Amino acid sequence: MVTLRRSKVLEKLRAGKIASCFKTNLADVRTVQIAAMTGFDCVWTCMEHVPNDMETIERQVLAAKAYDVDCLVRVSRGGYSDYIRAFETDAAGIMVPHVMSAKDARQVIQTTKFQPVGRRPLDGGNADGAFCMVSTKDYVEHSLKEKFVILQIEDPEPMEELDEICSIEGIDILFFGPGDYANTLGHPGELTHPDVVKAWRKTAEIARKHGLFTGTVASPDLIEMVVDMGYQFLNIGSDVGAIASYADNMYKVISKYL
C-alpha cells in the first residue's frame with residue numbers, strides 16, 4: 001500500500017516544539033544529504049536568488065526524503081506553475097517571498113492550496129500524488145494537512161495589513177525576513193537595528209494572535225532573541241556560509257607560510 005510522507009516540520013510545530021532548518025544555495029544534492037544527516041528537520045533550497053532549475057530541485061527533494069527530512073523550496077514570484085511545481089516534486093513546503101499585501105497573500109493561497117481553501121490546479125500524476133497510486137481524495141486531503149505554505153514578510157508595506165494577512169485561511173507559517181527588511185529601511189546588514197527588531201517582534205505577536213506558526217532566520221547570536229519573541233520555525237546556518245567560514249579559517253592557517 002502506498003503511503004504519503006508526513007511533514008516533520010508540521011509535526012514538530014503542532015506539538016509545540018521548535019522546528020529546525022538549514023539553508024542551501026548550492027545545487028549539489030550532497031549538501032542536502034549532509035544537512036539532512038545531521039538531524040535538521042528541514043533543508044531549505046531556493047529558486048529566488050540562485051539559478052536552480054526544477055531538475056535540481058527534484059534531486060534535492062529526493063535527497064532530503066532519503067533521510068525523512070522535509071525539503072522547503074523558496075519559489076520565484078510568478079504564475080501558478082512557478083509555485084506548485086515545487087510541491088509536485090514532493091517538496092514538503094514552499095516559501096513565497098516578498099508578500100506585499102493582504103490581496104497578494106490571498107492570491108498566493110488561492111494558487112497553492114487545494115479546494116475548499118484555494119483553487120490550486122489538480123494533477124495527481126506527480127511525486128506528491130504518488131504518481132496516481134493514491135486516490136484523488138486522499139491526495140487532496142494529505143496535501144491540505146501535510147504540505148505547508150510559508151509567506152515571507154520582508155518589507156514595510158505589508159506591516160499595516162498584518163492583522164488582515166494573518167486572518168487568511170491557508171497560511172501555515174508567517175516568516176519574517178530581517179535581511180531584506182533592514183536593507184529596505186536603509187540599514188543593510190543591521191539586523192538588530194531598533195526598527196527591524198520592532199517589526200520582527202510585531203510580526204510574531206500578530207501571527208500568534210491569529211494562531212499561525214511563525215518562522216525566521218537565526219544565528220548563534222540571535223537565536224535566543226527570536227525564541228523569546230515566540231518564533232518556532234528557525235533557519236540557522238547555510239552551506240555557503242559554512243564553506244566561506246571554513247575556507248577563510250584554513251587560509252589564515254596557511255597564509256603565514258606563503
# chains A, B, ... in the order shown; residues from 1 in each chain; ligands from 1
$ closest_atom_pairs --of "region 56-156 of chain A" --to "region 210-230 of chain A" --cutoff "12 Å" --atoms "only C-alpha atoms" --output "CSV"
residue,atom,partner,partner_atom,distance
A:Met95,CA,A:Gly215,CA,10.7
A:Phe148,CA,A:Phe213,CA,10.6
A:Val149,CA,A:Phe213,CA,10.8
A:Ile150,CA,A:Gly215,CA,8.4
A:Leu151,CA,A:Gly215,CA,9.5
A:Gln152,CA,A:Gly215,CA,8.8
A:Ile153,CA,A:Thr216,CA,9.7
A:Glu154,CA,A:Thr216,CA,10.3
$ write_last_selection --atoms "C-alpha atoms" --output "PDB file, in the first residue's frame"
ATOM      1  CA  MET A  95       8.090  29.760   0.711  1.00  0.00           C
ATOM      2  CA  PHE A 148       2.877  23.870   4.195  1.00  0.00           C
ATOM      3  CA  VAL A 149       2.847  27.314   2.617  1.00  0.00           C
ATOM      4  CA  ILE A 150       5.115  29.977   4.080  1.00  0.00           C
ATOM      5  CA  LEU A 151       4.624  33.655   3.324  1.00  0.00           C
ATOM      6  CA  GLN A 152       7.612  35.932   3.797  1.00  0.00           C
ATOM      7  CA  ILE A 153       7.144  39.338   5.346  1.00  0.00           C
ATOM      8  CA  GLU A 154      10.273  41.302   4.499  1.00  0.00           C
TER       9      GLU A 154
END
$ residues_around --residues "Glu157 (chain A)" --least-positions-apart "3" --cutoff "9 Å" --atoms "only C-alpha atoms" --output "list in words"
Met100, Ser101, Glu154, Glu160 and Glu161 of chain A
$ residues_around --residues "Thr3 (chain A)" --least-positions-apart "3" --cutoff "12 Å" --atoms "only C-alpha atoms" --output "ChimeraX atom specification"
/A:6,127-135,138-139,142
$ closest_residue --among "A:Lys103, A:Lys202, A:Lys137, A:Lys8" --to "Tyr231 (chain A)" --atoms "only C-alpha atoms"
A:Lys202
$ residues_around --residues "Met47 (chain A)" --least-positions-apart "2" --cutoff "7 Å" --atoms "only C-alpha atoms" --output "VMD selection string"
chain A and resid 49 to 52 74 to 76
$ write_last_selection --atoms "C-alpha atoms" --output "short mmCIF file (atom, residue, chain, number, x, y, z; two decimals), in the first residue's frame"
data_model
loop_
_atom_site.label_atom_id
_atom_site.label_comp_id
_atom_site.auth_asym_id
_atom_site.auth_seq_id
_atom_site.Cartn_x
_atom_site.Cartn_y
_atom_site.Cartn_z
CA HIS A 49 18.21 34.18 -5.59
CA VAL A 50 20.10 31.27 -7.16
CA PRO A 51 19.95 29.70 -10.65
CA ASN A 52 18.43 26.37 -9.61
CA ARG A 74 11.61 29.17 -1.81
CA VAL A 75 9.94 29.79 -5.15
CA SER A 76 10.38 32.68 -7.53
#
$ residues_around --residues "Ser143 (chain A)" --least-positions-apart "6" --cutoff "12 Å" --atoms "only C-alpha atoms" --output "PyMOL selection string"
chain A and resi 4-7+84+87-88+90-93+112-115+117-118+120+122+124+127-130+136-137+149+170
$ write_last_selection --atoms "C-alpha atoms" --output "tab-separated table (two decimals), in the first residue's frame"
chain	number	residue	atom	x	y	z
A	4	LEU	CA	2.25	9.67	1.52
A	5	ARG	CA	5.00	11.20	3.63
A	6	ARG	CA	4.14	13.34	6.64
A	7	SER	CA	5.89	16.65	7.32
A	84	ILE	CA	3.04	24.45	-7.48
A	87	PHE	CA	5.01	20.83	-4.48
A	88	GLU	CA	4.65	18.38	-7.36
A	90	ASP	CA	7.04	16.35	-3.37
A	91	ALA	CA	8.62	19.26	-1.54
A	92	ALA	CA	7.15	19.43	1.94
A	93	GLY	CA	6.67	23.18	1.75
A	112	THR	CA	-1.19	26.98	-3.78
A	113	LYS	CA	-3.96	25.34	-1.73
A	114	PHE	CA	-6.49	22.83	-3.00
A	115	GLN	CA	-10.21	23.41	-2.56
A	117	VAL	CA	-9.20	26.50	0.85
A	118	GLY	CA	-7.99	27.62	-2.55
A	120	ARG	CA	-4.83	25.04	-6.83
A	122	LEU	CA	-5.01	19.38	-9.70
A	124	GLY	CA	-2.10	13.59	-9.15
A	127	ALA	CA	5.52	12.58	-6.85
A	128	ASP	CA	3.31	14.40	-4.35
A	129	GLY	CA	0.32	12.36	-5.58
A	130	ALA	CA	2.34	9.11	-5.61
A	136	THR	CA	-7.54	11.86	-5.65
A	137	LYS	CA	-9.43	12.37	-2.39
A	149	VAL	CA	2.85	27.31	2.62
A	170	GLY	CA	-4.45	28.56	4.39
$ select_by_dssp --residues "region 22-194 of chain A" --states "strand (DSSP E)" --output "JSON, numbers by chain"
{"A": [22, 23, 42, 43, 44, 45, 46, 70, 71, 72, 73, 74, 93, 94, 95, 96, 148, 149, 150, 151, 152, 153, 173, 174, 175, 176]}
$ write_last_selection --atoms "N, CA and C atoms" --output "short mmCIF file (atom, residue, chain, number, x, y, z; two decimals), in the first residue's frame"
data_model
loop_
_atom_site.label_atom_id
_atom_site.label_comp_id
_atom_site.auth_asym_id
_atom_site.auth_seq_id
_atom_site.Cartn_x
_atom_site.Cartn_y
_atom_site.Cartn_z
N PHE A 22 17.98 24.21 7.71
CA PHE A 22 19.30 24.59 7.22
C PHE A 22 19.15 25.01 5.77
N LYS A 23 19.78 26.12 5.38
CA LYS A 23 19.61 26.66 4.02
C LYS A 23 20.76 26.25 3.11
N CYS A 42 14.49 20.11 8.40
CA CYS A 42 14.16 20.66 7.09
C CYS A 42 15.42 21.22 6.43
N VAL A 43 15.51 21.06 5.13
CA VAL A 43 16.54 21.73 4.33
C VAL A 43 15.84 22.67 3.37
N TRP A 44 16.28 23.93 3.36
CA TRP A 44 15.66 24.97 2.55
C TRP A 44 16.52 25.21 1.32
N THR A 45 15.93 25.01 0.16
CA THR A 45 16.61 25.33 -1.09
C THR A 45 15.87 26.47 -1.77
N CYS A 46 16.48 27.04 -2.81
CA CYS A 46 15.99 28.34 -3.27
C CYS A 46 15.93 28.45 -4.79
N ASP A 70 12.20 17.08 5.67
CA ASP A 70 11.43 17.96 4.80
C ASP A 70 12.36 18.76 3.89
N CYS A 71 11.90 19.03 2.70
CA CYS A 71 12.58 19.97 1.82
C CYS A 71 11.64 21.15 1.56
N LEU A 72 12.12 22.34 1.87
CA LEU A 72 11.38 23.57 1.65
C LEU A 72 11.97 24.28 0.44
N VAL A 73 11.13 24.69 -0.49
CA VAL A 73 11.59 25.40 -1.68
C VAL A 73 11.09 26.84 -1.65
N ARG A 74 12.03 27.78 -1.63
CA ARG A 74 11.61 29.17 -1.81
C ARG A 74 11.46 29.40 -3.31
N GLY A 93 7.21 21.83 1.62
CA GLY A 93 6.67 23.18 1.75
C GLY A 93 7.25 24.11 0.70
N ILE A 94 6.56 25.20 0.50
CA ILE A 94 7.08 26.27 -0.34
C ILE A 94 7.08 27.57 0.45
N MET A 95 8.01 28.43 0.10
CA MET A 95 8.09 29.76 0.71
C MET A 95 7.95 30.79 -0.40
N VAL A 96 7.01 31.70 -0.24
CA VAL A 96 6.77 32.74 -1.25
C VAL A 96 7.34 34.05 -0.71
N PHE A 148 3.01 22.55 3.59
CA PHE A 148 2.88 23.87 4.20
C PHE A 148 3.29 24.99 3.24
N VAL A 149 2.58 26.11 3.39
CA VAL A 149 2.85 27.31 2.62
C VAL A 149 3.34 28.39 3.58
N ILE A 150 4.51 28.92 3.27
CA ILE A 150 5.11 29.98 4.08
C ILE A 150 5.08 31.28 3.30
N LEU A 151 4.59 32.33 3.93
CA LEU A 151 4.62 33.65 3.32
C LEU A 151 5.69 34.49 4.03
N GLN A 152 6.55 35.10 3.22
CA GLN A 152 7.61 35.93 3.80
C GLN A 152 7.18 37.39 3.90
N ILE A 153 7.35 37.92 5.09
CA ILE A 153 7.14 39.34 5.35
C ILE A 153 8.53 39.95 5.48
N ILE A 173 2.68 29.21 7.85
CA ILE A 173 3.77 29.85 8.59
C ILE A 173 3.97 31.25 8.04
N LEU A 174 4.06 32.23 8.92
CA LEU A 174 4.43 33.59 8.54
C LEU A 174 5.90 33.77 8.90
N PHE A 175 6.70 34.14 7.92
CA PHE A 175 8.16 34.15 8.08
C PHE A 175 8.68 35.57 7.93
N PHE A 176 9.31 36.07 8.98
CA PHE A 176 9.89 37.42 8.92
C PHE A 176 11.32 37.34 8.40
#
$ residues_around --residues "Ile168 (chain A)" --least-positions-apart "5" --cutoff "9 Å" --atoms "only C-alpha atoms" --output "ChimeraX atom specification"
/A:102,105-106,109
$ closest_residue --among "A:Ala27, A:Ile18, A:Ala204, A:Ala63" --to "Asp163 (chain A)" --atoms "only C-alpha atoms"
A:Ala204
$ atom_distance --atom1 "CA of Ala242 (chain A)" --atom2 "CA of Met54 (chain A)"
24.7 Å
$ closest_residue --among "A:Asp172, A:Glu146, A:Asp123, A:Asp180" --to "Gln232 (chain A)" --atoms "only C-alpha atoms"
A:Asp172
$ atom_distance --atom1 "CA of Ala19 (chain A)" --atom2 "CA of Lys147 (chain A)"
14.8 Å
$ atom_distance --atom1 "CA of Asp53 (chain A)" --atom2 "CA of Gly78 (chain A)"
14.5 Å
$ select_by_dssp --residues "region 63-163 of chain A" --states "alpha helix (DSSP H)" --output "JSON, numbers by chain"
{"A": [63, 64, 65, 80, 81, 82, 83, 84, 85, 86, 87, 88, 102, 103, 104, 105, 106, 107, 108, 109, 110, 111, 112, 136, 137, 138, 139, 140, 141, 142, 143, 144, 145, 146, 162, 163]}
